file coords.cif (mmCIF, C-alpha atoms)
data_upload
#
loop_
_atom_site.label_atom_id
_atom_site.label_comp_id
_atom_site.auth_asym_id
_atom_site.auth_seq_id
_atom_site.Cartn_x
_atom_site.Cartn_y
_atom_site.Cartn_z
CA MET H 1498 3.07 56.43 -16.18
CA ALA H 1499 5.16 54.51 -18.71
CA LEU H 1500 5.21 55.28 -22.39
CA LEU H 1501 5.64 52.75 -25.15
CA PRO H 1502 9.26 52.69 -26.37
CA TYR H 1503 9.90 54.30 -29.73
CA ASP H 1504 12.01 52.99 -32.59
CA ASN H 1505 15.32 54.83 -32.31
CA ALA H 1506 15.70 54.98 -36.08
CA MET H 1507 12.34 56.69 -36.44
CA ILE H 1508 12.86 59.42 -33.84
CA PRO H 1509 16.58 60.24 -33.51
CA GLU H 1510 16.09 62.85 -30.77
CA LEU H 1511 14.79 60.13 -28.45
CA ARG H 1512 17.85 57.90 -28.78
CA LYS H 1513 19.39 59.32 -25.61
CA PHE H 1514 16.48 57.95 -23.61
CA HIS H 1515 17.31 54.42 -24.71
CA GLU H 1516 20.88 54.61 -23.44
CA ALA H 1517 21.54 52.53 -20.33
CA SER H 1518 23.11 55.53 -18.63
CA ALA H 1519 23.81 59.23 -19.03
CA THR H 1520 26.79 61.13 -17.63
CA PHE H 1521 26.69 64.71 -16.37
CA GLN H 1522 29.19 67.05 -14.76
CA PHE H 1523 27.88 68.99 -11.79
CA ALA H 1524 29.44 70.13 -8.53
CA ASN H 1525 32.94 69.35 -9.90
CA ARG H 1526 32.27 65.66 -10.37
CA ASP H 1527 30.93 63.18 -12.90
CA ILE H 1528 27.45 61.93 -12.11
CA VAL H 1529 26.48 58.75 -13.92
CA ILE H 1530 22.72 58.17 -14.01
CA ARG H 1531 21.20 54.83 -14.94
CA GLN H 1532 18.21 54.92 -17.30
CA ASP H 1533 15.52 52.30 -17.95
CA TRP H 1534 13.02 53.53 -20.50
CA LYS H 1535 11.72 50.08 -21.43
CA GLN H 1536 10.79 49.06 -17.89
CA LEU H 1537 9.82 52.33 -16.25
CA GLY H 1538 9.19 54.73 -19.11
CA VAL H 1539 9.22 58.48 -18.48
CA ALA H 1540 10.18 58.09 -14.81
CA ALA H 1541 13.52 56.49 -15.59
CA VAL H 1542 15.20 58.81 -18.07
CA VAL H 1543 16.80 62.22 -17.65
CA TRP H 1544 14.69 64.99 -19.16
CA ASP H 1545 15.98 68.41 -20.18
CA ALA H 1546 14.06 70.08 -17.36
CA ALA H 1547 16.15 68.19 -14.80
CA VAL H 1548 19.44 69.17 -16.44
CA ILE H 1549 18.41 72.84 -16.67
CA LEU H 1550 17.35 72.85 -13.01
CA CYS H 1551 20.68 71.31 -11.95
CA THR H 1552 22.55 74.00 -13.86
CA PHE H 1553 20.40 76.67 -12.23
CA LEU H 1554 21.17 75.26 -8.78
CA GLU H 1555 24.88 74.99 -9.49
CA LEU H 1556 24.96 78.68 -10.39
CA GLY H 1557 23.86 79.46 -6.85
CA ALA H 1558 20.33 80.55 -7.63
CA VAL H 1559 19.25 79.43 -4.16
CA GLN H 1560 21.22 78.72 -1.01
CA LEU H 1561 21.48 74.95 -0.55
CA GLN H 1562 24.28 74.57 1.98
CA ASP H 1563 22.81 72.94 5.10
CA ARG H 1564 19.26 73.49 3.85
CA THR H 1565 16.54 70.84 3.99
CA VAL H 1566 15.46 69.97 0.46
CA ILE H 1567 12.81 67.62 -0.92
CA GLU H 1568 12.54 66.62 -4.57
CA LEU H 1569 9.13 65.59 -5.89
CA GLY H 1570 8.76 63.12 -8.72
CA ALA H 1571 12.50 62.52 -8.61
CA GLY H 1572 12.59 59.82 -11.30
CA THR H 1573 16.30 59.17 -11.85
CA GLY H 1574 17.23 61.31 -8.84
CA LEU H 1575 19.62 63.58 -10.74
CA VAL H 1576 18.32 66.84 -9.25
CA GLY H 1577 18.37 65.56 -5.68
CA ILE H 1578 21.82 64.08 -6.13
CA VAL H 1579 23.18 67.39 -7.40
CA ALA H 1580 21.50 69.25 -4.53
CA ALA H 1581 23.22 66.93 -2.05
CA HIS H 1582 26.61 67.57 -3.62
CA LEU H 1583 25.89 71.29 -3.32
CA GLY H 1584 25.52 70.91 0.44
CA ALA H 1585 21.84 70.21 1.04
CA ASP H 1586 20.19 67.63 3.28
CA VAL H 1587 17.98 65.95 0.70
CA THR H 1588 14.91 63.73 0.58
CA VAL H 1589 14.29 62.35 -2.90
CA THR H 1590 10.79 61.04 -3.49
CA ASP H 1591 8.72 59.25 -6.08
CA ARG H 1592 6.10 56.52 -6.36
CA GLU H 1593 6.74 53.05 -4.96
CA VAL H 1594 7.31 51.46 -8.38
CA THR H 1595 10.39 53.61 -9.04
CA LEU H 1596 12.07 53.49 -5.62
CA GLN H 1597 14.47 50.60 -6.21
CA PHE H 1598 15.69 52.23 -9.41
CA LEU H 1599 15.94 55.63 -7.72
CA GLU H 1600 17.85 54.18 -4.78
CA SER H 1601 20.38 52.58 -7.14
CA ASN H 1602 21.24 55.96 -8.67
CA VAL H 1603 21.59 57.53 -5.24
CA GLN H 1604 23.90 54.76 -4.06
CA ASP H 1605 26.03 55.03 -7.20
CA ASN H 1606 26.49 58.78 -6.94
CA ILE H 1607 26.51 59.63 -3.23
CA SER H 1608 29.69 58.85 -1.33
CA ASP H 1609 29.64 57.31 2.15
CA ASP H 1610 30.46 60.63 3.81
CA LEU H 1611 27.33 62.20 2.31
CA ARG H 1612 25.02 59.21 2.56
CA SER H 1613 23.49 60.26 5.87
CA ARG H 1614 22.34 63.49 4.23
CA VAL H 1615 20.34 61.78 1.47
CA ARG H 1616 17.29 59.57 1.86
CA VAL H 1617 14.86 57.99 -0.61
CA LYS H 1618 11.19 57.91 0.36
CA GLU H 1619 7.94 56.94 -1.27
CA LEU H 1620 5.60 59.83 -1.97
CA THR H 1621 2.51 59.67 -4.10
CA TRP H 1622 1.20 63.21 -4.31
CA GLY H 1623 -1.76 63.86 -2.07
CA VAL H 1624 -1.58 60.44 -0.41
CA ASN H 1625 -0.51 59.80 3.19
CA LEU H 1626 1.17 63.17 3.46
CA SER H 1627 1.21 62.79 7.24
CA LYS H 1628 4.30 60.58 6.79
CA PHE H 1629 6.14 63.85 6.18
CA GLU H 1630 6.55 66.73 8.58
CA PRO H 1631 4.38 69.60 7.33
CA ALA H 1632 5.97 72.92 6.39
CA SER H 1633 9.41 71.54 7.23
CA TYR H 1634 11.47 72.06 4.06
CA ASP H 1635 13.57 75.03 3.05
CA VAL H 1636 13.48 74.14 -0.65
CA ILE H 1637 11.13 72.01 -2.76
CA LEU H 1638 12.35 70.94 -6.20
CA GLY H 1639 10.46 69.46 -9.12
CA ALA H 1640 11.61 68.81 -12.69
CA ASP H 1641 9.00 68.00 -15.34
CA VAL H 1642 6.32 67.31 -12.76
CA VAL H 1643 3.80 69.54 -14.55
CA TYR H 1644 2.53 67.33 -17.37
CA LEU H 1645 -0.48 65.21 -16.32
CA GLU H 1646 -3.59 67.29 -15.71
CA GLU H 1647 -5.20 64.68 -13.47
CA THR H 1648 -2.28 64.98 -11.02
CA PHE H 1649 -2.43 68.77 -10.68
CA PRO H 1650 -4.77 68.95 -7.65
CA ALA H 1651 -2.69 66.36 -5.76
CA LEU H 1652 0.57 68.09 -6.71
CA LEU H 1653 -0.80 71.41 -5.48
CA GLU H 1654 -2.02 69.82 -2.24
CA THR H 1655 1.42 68.32 -1.68
CA LEU H 1656 3.22 71.61 -2.29
CA LYS H 1657 0.91 73.38 0.14
CA TYR H 1658 1.41 70.71 2.80
CA LEU H 1659 5.21 70.56 2.60
CA SER H 1660 5.88 74.30 2.39
CA SER H 1661 5.88 77.20 4.79
CA GLU H 1662 6.01 80.88 3.92
CA TRP H 1663 9.83 80.58 4.09
CA THR H 1664 10.02 77.67 1.65
CA THR H 1665 11.36 78.25 -1.86
CA ILE H 1666 9.73 76.08 -4.52
CA LEU H 1667 11.47 75.65 -7.88
CA LEU H 1668 9.61 73.93 -10.70
CA SER H 1669 11.41 73.30 -13.99
CA CYS H 1670 9.18 72.41 -16.92
CA ARG H 1671 8.10 72.93 -20.48
CA ILE H 1672 4.79 74.68 -20.92
CA ARG H 1673 3.32 72.45 -23.59
CA TYR H 1674 -0.43 72.95 -23.43
CA GLU H 1675 -3.15 75.20 -22.08
CA ARG H 1676 -3.57 72.84 -19.13
CA ASP H 1677 0.01 73.65 -18.06
CA HIS H 1678 -0.86 77.35 -18.00
CA ASN H 1679 -3.91 76.40 -15.94
CA PHE H 1680 -1.70 74.71 -13.36
CA LEU H 1681 0.34 77.90 -13.02
CA LYS H 1682 -2.90 79.75 -12.37
CA MET H 1683 -3.83 77.16 -9.72
CA LEU H 1684 -0.41 77.57 -8.15
CA GLY H 1685 -0.80 81.32 -8.19
CA SER H 1686 -3.94 81.06 -6.08
CA HIS H 1687 -1.83 79.92 -3.12
CA PHE H 1688 1.70 81.09 -3.89
CA ALA H 1689 3.51 84.09 -5.28
CA VAL H 1690 4.82 82.74 -8.59
CA GLU H 1691 7.46 84.17 -10.93
CA ARG H 1692 9.48 82.82 -13.81
CA VAL H 1693 13.14 83.07 -12.81
CA HIS H 1694 14.80 81.40 -15.80
CA TYR H 1695 14.07 80.40 -19.38
CA ASP H 1696 16.30 78.24 -21.55
CA SER H 1697 15.25 79.08 -25.10
CA LYS H 1698 17.33 76.32 -26.69
CA ARG H 1699 15.52 73.60 -24.77
CA ASP H 1700 12.30 75.53 -24.17
CA VAL H 1701 12.45 74.96 -20.41
CA HIS H 1702 11.06 77.39 -17.85
CA ILE H 1703 11.94 77.55 -14.16
CA TYR H 1704 9.27 78.98 -11.87
CA LYS H 1705 9.82 80.07 -8.31
CA ALA H 1706 6.87 79.88 -5.93
CA GLN H 1707 6.65 81.04 -2.36
CA LYS H 1708 3.71 80.89 -0.01
CA THR H 1709 2.63 84.14 1.57
CA LYS H 1710 0.26 84.66 4.48
CA LEU H 1711 -2.12 86.56 2.22
CA LYS H 1712 -2.10 83.89 -0.48
CA ASP H 1713 -2.46 81.10 2.08
CA GLU H 1714 -5.48 82.72 3.68
CA LEU H 1715 -7.39 83.26 0.41
#

call {"tool": "encode", "arguments": {"input": "coords.cif", "output": "structure tokens"}}
result
Amino acid sequence: MALLPYDNAMIPELRKFHEASATFQFANRDIVIRQDWKQLGVAAVVWDAAVILCTFLELGAVQLQDRTVIELGAGTGLVGIVAAHLGADVTVTDREVTLQFLESNVQDNISDDLRSRVRVKELTWGVNLSKFEPASYDVILGADVVYLEETFPALLETLKYLSSEWTTILLSCRIRYERDHNFLKMLGSHFAVERVHYDSKRDVHIYKAQKTKLKDEL
């Protein structure tokens, strides 16, 4: 869902979203991410939630070496790219409209020796999930995927389909409105959920969710 571009002079804090690229340092390397706010809106800029999640991963919060990881709503692909450089076998996903842009960032930031461990796939939450192996991922990542209420049921369905009781889900987000709290309640009906990190400067929370047999049966 694209947003109308803002006048940079009117809202200075949004200027970074209008830059053609943004550079980050993770996993002992520079990662240069293309951005395209005007064409793709919110899907094509790096949000704080993604940066905070990358930092959390780099600190070793979860084991990524040789783990199978899928990123939902990848947007620019920053989180998946960082996960790959930290040793994971990664599938980065988003809607069809963003895939060419997403693929370009992956190609720019993943060297040939790692390329076989990273793939870009189309995934619209709740749609054609059978294209993916159920309950087959060690880690599911999502940055700023909790923001549109109408997508919450499909997001929850997707998380349930892709995860097993051994899967670790990490969702990085701001809790902006009551509806966001409602999603956490929905999530808690099927998963054990806990907040594992809070960045007070950027007001970003990271929640860990894990399916349990009890929760799954309710």

call {"tool": "closest_atom_pairs", "arguments": {"input": "coords.cif", "of": "stretch 1517-1618 of chain H", "to": "stretch 1631-1651 of chain H", "cutoff": "6 Å", "atoms": "only C-alpha atoms", "output": "Markdown table"}}
result
| residue | atom | partner | partner_atom | distance |
| --- | --- | --- | --- | --- |
| H:Ala1546 | CA | H:Ala1640 | CA | 5.4 |
| H:Ala1547 | CA | H:Ala1640 | CA | 5.0 |
| H:Arg1564 | CA | H:Asp1635 | CA | 5.9 |
| H:Thr1565 | CA | H:Tyr1634 | CA | 5.2 |
| H:Val1566 | CA | H:Val1636 | CA | 4.7 |
| H:Ile1567 | CA | H:Ile1637 | CA | 5.0 |
| H:Glu1568 | CA | H:Leu1638 | CA | 4.6 |
| H:Leu1569 | CA | H:Gly1639 | CA | 5.2 |

call {"tool": "closest_residue", "arguments": {"input": "coords.cif", "among": "H:Ala1706, H:Leu1667, H:Leu1561, H:Val1529", "to": "H:Lys1682", "atoms": "all atoms listed in the file"}}
result
H:Ala1706

call {"tool": "atom_distance", "arguments": {"input": "coords.cif", "atom1": "atom CA of H:Ala1585", "atom2": "atom CA of H:Arg1616"}}
result
11.6 Å

call {"tool": "atom_distance", "arguments": {"input": "coords.cif", "atom1": "atom CA of H:Thr1655", "atom2": "atom CA of H:Leu1626"}}
result
7.3 Å

call {"tool": "residues_near_point", "arguments": {"input": "coords.cif", "point": "(10.1, 63.9, -0.2)", "cutoff": "8 Å", "atoms": "all atoms listed in the file", "output": "list in words"}}
result
Ile1567, Glu1568, Leu1569, Thr1588, Val1589, Thr1590, Asp1591, Val1617, Lys1618, Glu1619, Leu1620 and Phe1629 of chain H

call {"tool": "decode", "arguments": {"input": "coords.cif", "residues": "stretch 1593-1615 of chain H", "atoms": "N, CA, C and O atoms", "output": "PDB file, in the first residue's frame"}}
result
ATOM      1  N   GLU H1593       3.878  -9.381  -5.181  1.00  0.00           N
ATOM      2  CA  GLU H1593       4.420  -9.408  -6.548  1.00  0.00           C
ATOM      3  C   GLU H1593       4.937  -8.041  -6.992  1.00  0.00           C
ATOM      4  O   GLU H1593       5.990  -7.941  -7.625  1.00  0.00           O
ATOM      5  N   VAL H1594       4.234  -6.975  -6.644  1.00  0.00           N
ATOM      6  CA  VAL H1594       4.577  -5.642  -7.135  1.00  0.00           C
ATOM      7  C   VAL H1594       5.955  -5.185  -6.674  1.00  0.00           C
ATOM      8  O   VAL H1594       6.593  -4.350  -7.324  1.00  0.00           O
ATOM      9  N   THR H1595       6.441  -5.732  -5.567  1.00  0.00           N
ATOM     10  CA  THR H1595       7.725  -5.281  -5.011  1.00  0.00           C
ATOM     11  C   THR H1595       8.898  -6.192  -5.364  1.00  0.00           C
ATOM     12  O   THR H1595      10.035  -5.868  -5.034  1.00  0.00           O
ATOM     13  N   LEU H1596       8.643  -7.322  -6.031  1.00  0.00           N
ATOM     14  CA  LEU H1596       9.686  -8.346  -6.148  1.00  0.00           C
ATOM     15  C   LEU H1596      10.898  -7.897  -6.956  1.00  0.00           C
ATOM     16  O   LEU H1596      12.035  -8.219  -6.609  1.00  0.00           O
ATOM     17  N   GLN H1597      10.688  -7.171  -8.048  1.00  0.00           N
ATOM     18  CA  GLN H1597      11.830  -6.734  -8.850  1.00  0.00           C
ATOM     19  C   GLN H1597      12.730  -5.805  -8.042  1.00  0.00           C
ATOM     20  O   GLN H1597      13.968  -5.926  -8.070  1.00  0.00           O
ATOM     21  N   PHE H1598      12.115  -4.900  -7.296  1.00  0.00           N
ATOM     22  CA  PHE H1598      12.865  -3.993  -6.432  1.00  0.00           C
ATOM     23  C   PHE H1598      13.595  -4.772  -5.338  1.00  0.00           C
ATOM     24  O   PHE H1598      14.784  -4.552  -5.070  1.00  0.00           O
ATOM     25  N   LEU H1599      12.906  -5.699  -4.720  1.00  0.00           N
ATOM     26  CA  LEU H1599      13.489  -6.525  -3.660  1.00  0.00           C
ATOM     27  C   LEU H1599      14.666  -7.337  -4.187  1.00  0.00           C
ATOM     28  O   LEU H1599      15.730  -7.410  -3.557  1.00  0.00           O
ATOM     29  N   GLU H1600      14.486  -7.925  -5.343  1.00  0.00           N
ATOM     30  CA  GLU H1600      15.554  -8.728  -5.959  1.00  0.00           C
ATOM     31  C   GLU H1600      16.790  -7.881  -6.233  1.00  0.00           C
ATOM     32  O   GLU H1600      17.926  -8.348  -6.065  1.00  0.00           O
ATOM     33  N   SER H1601      16.600  -6.629  -6.635  1.00  0.00           N
ATOM     34  CA  SER H1601      17.752  -5.771  -6.929  1.00  0.00           C
ATOM     35  C   SER H1601      18.586  -5.527  -5.683  1.00  0.00           C
ATOM     36  O   SER H1601      19.824  -5.513  -5.743  1.00  0.00           O
ATOM     37  N   ASN H1602      17.939  -5.348  -4.528  1.00  0.00           N
ATOM     38  CA  ASN H1602      18.698  -5.151  -3.289  1.00  0.00           C
ATOM     39  C   ASN H1602      19.424  -6.423  -2.872  1.00  0.00           C
ATOM     40  O   ASN H1602      20.556  -6.371  -2.378  1.00  0.00           O
ATOM     41  N   VAL H1603      18.796  -7.565  -3.076  1.00  0.00           N
ATOM     42  CA  VAL H1603      19.454  -8.832  -2.762  1.00  0.00           C
ATOM     43  C   VAL H1603      20.682  -9.024  -3.648  1.00  0.00           C
ATOM     44  O   VAL H1603      21.772  -9.371  -3.161  1.00  0.00           O
ATOM     45  N   GLN H1604      20.541  -8.781  -4.920  1.00  0.00           N
ATOM     46  CA  GLN H1604      21.671  -8.954  -5.843  1.00  0.00           C
ATOM     47  C   GLN H1604      22.814  -8.007  -5.505  1.00  0.00           C
ATOM     48  O   GLN H1604      23.987  -8.383  -5.600  1.00  0.00           O
ATOM     49  N   ASP H1605      22.482  -6.791  -5.096  1.00  0.00           N
ATOM     50  CA  ASP H1605      23.520  -5.802  -4.789  1.00  0.00           C
ATOM     51  C   ASP H1605      24.289  -6.132  -3.509  1.00  0.00           C
ATOM     52  O   ASP H1605      25.438  -5.701  -3.348  1.00  0.00           O
ATOM     53  N   ASN H1606      23.673  -6.871  -2.614  1.00  0.00           N
ATOM     54  CA  ASN H1606      24.252  -7.039  -1.280  1.00  0.00           C
ATOM     55  C   ASN H1606      24.587  -8.466  -0.890  1.00  0.00           C
ATOM     56  O   ASN H1606      25.081  -8.701   0.212  1.00  0.00           O
ATOM     57  N   ILE H1607      24.335  -9.419  -1.776  1.00  0.00           N
ATOM     58  CA  ILE H1607      24.660 -10.813  -1.509  1.00  0.00           C
ATOM     59  C   ILE H1607      25.703 -11.268  -2.516  1.00  0.00           C
ATOM     60  O   ILE H1607      25.464 -11.249  -3.722  1.00  0.00           O
ATOM     61  N   SER H1608      26.851 -11.665  -2.037  1.00  0.00           N
ATOM     62  CA  SER H1608      27.939 -12.089  -2.924  1.00  0.00           C
ATOM     63  C   SER H1608      27.620 -13.443  -3.556  1.00  0.00           C
ATOM     64  O   SER H1608      26.749 -14.182  -3.086  1.00  0.00           O
ATOM     65  N   ASP H1609      28.348 -13.754  -4.620  1.00  0.00           N
ATOM     66  CA  ASP H1609      28.091 -14.988  -5.368  1.00  0.00           C
ATOM     67  C   ASP H1609      28.187 -16.232  -4.488  1.00  0.00           C
ATOM     68  O   ASP H1609      27.429 -17.186  -4.665  1.00  0.00           O
ATOM     69  N   ASP H1610      29.105 -16.219  -3.527  1.00  0.00           N
ATOM     70  CA  ASP H1610      29.280 -17.407  -2.695  1.00  0.00           C
ATOM     71  C   ASP H1610      28.124 -17.642  -1.734  1.00  0.00           C
ATOM     72  O   ASP H1610      27.938 -18.754  -1.221  1.00  0.00           O
ATOM     73  N   LEU H1611      27.306 -16.596  -1.498  1.00  0.00           N
ATOM     74  CA  LEU H1611      26.139 -16.737  -0.636  1.00  0.00           C
ATOM     75  C   LEU H1611      24.822 -16.810  -1.407  1.00  0.00           C
ATOM     76  O   LEU H1611      23.776 -17.102  -0.827  1.00  0.00           O
ATOM     77  N   ARG H1612      24.903 -16.570  -2.711  1.00  0.00           N
ATOM     78  CA  ARG H1612      23.665 -16.393  -3.485  1.00  0.00           C
ATOM     79  C   ARG H1612      22.759 -17.614  -3.445  1.00  0.00           C
ATOM     80  O   ARG H1612      21.529 -17.492  -3.466  1.00  0.00           O
ATOM     81  N   SER H1613      23.339 -18.793  -3.365  1.00  0.00           N
ATOM     82  CA  SER H1613      22.516 -20.005  -3.347  1.00  0.00           C
ATOM     83  C   SER H1613      21.730 -20.155  -2.053  1.00  0.00           C
ATOM     84  O   SER H1613      20.803 -20.968  -1.970  1.00  0.00           O
ATOM     85  N   ARG H1614      22.098 -19.362  -1.046  1.00  0.00           N
ATOM     86  CA  ARG H1614      21.442 -19.446   0.256  1.00  0.00           C
ATOM     87  C   ARG H1614      20.356 -18.386   0.434  1.00  0.00           C
ATOM     88  O   ARG H1614      19.749 -18.297   1.509  1.00  0.00           O
ATOM     89  N   VAL H1615      20.107 -17.599  -0.613  1.00  0.00           N
ATOM     90  CA  VAL H1615      19.099 -16.544  -0.526  1.00  0.00           C
ATOM     91  C   VAL H1615      18.194 -16.617  -1.750  1.00  0.00           C
ATOM     92  O   VAL H1615      18.685 -16.680  -2.882  1.00  0.00           O
TER      93      VAL H1615
END
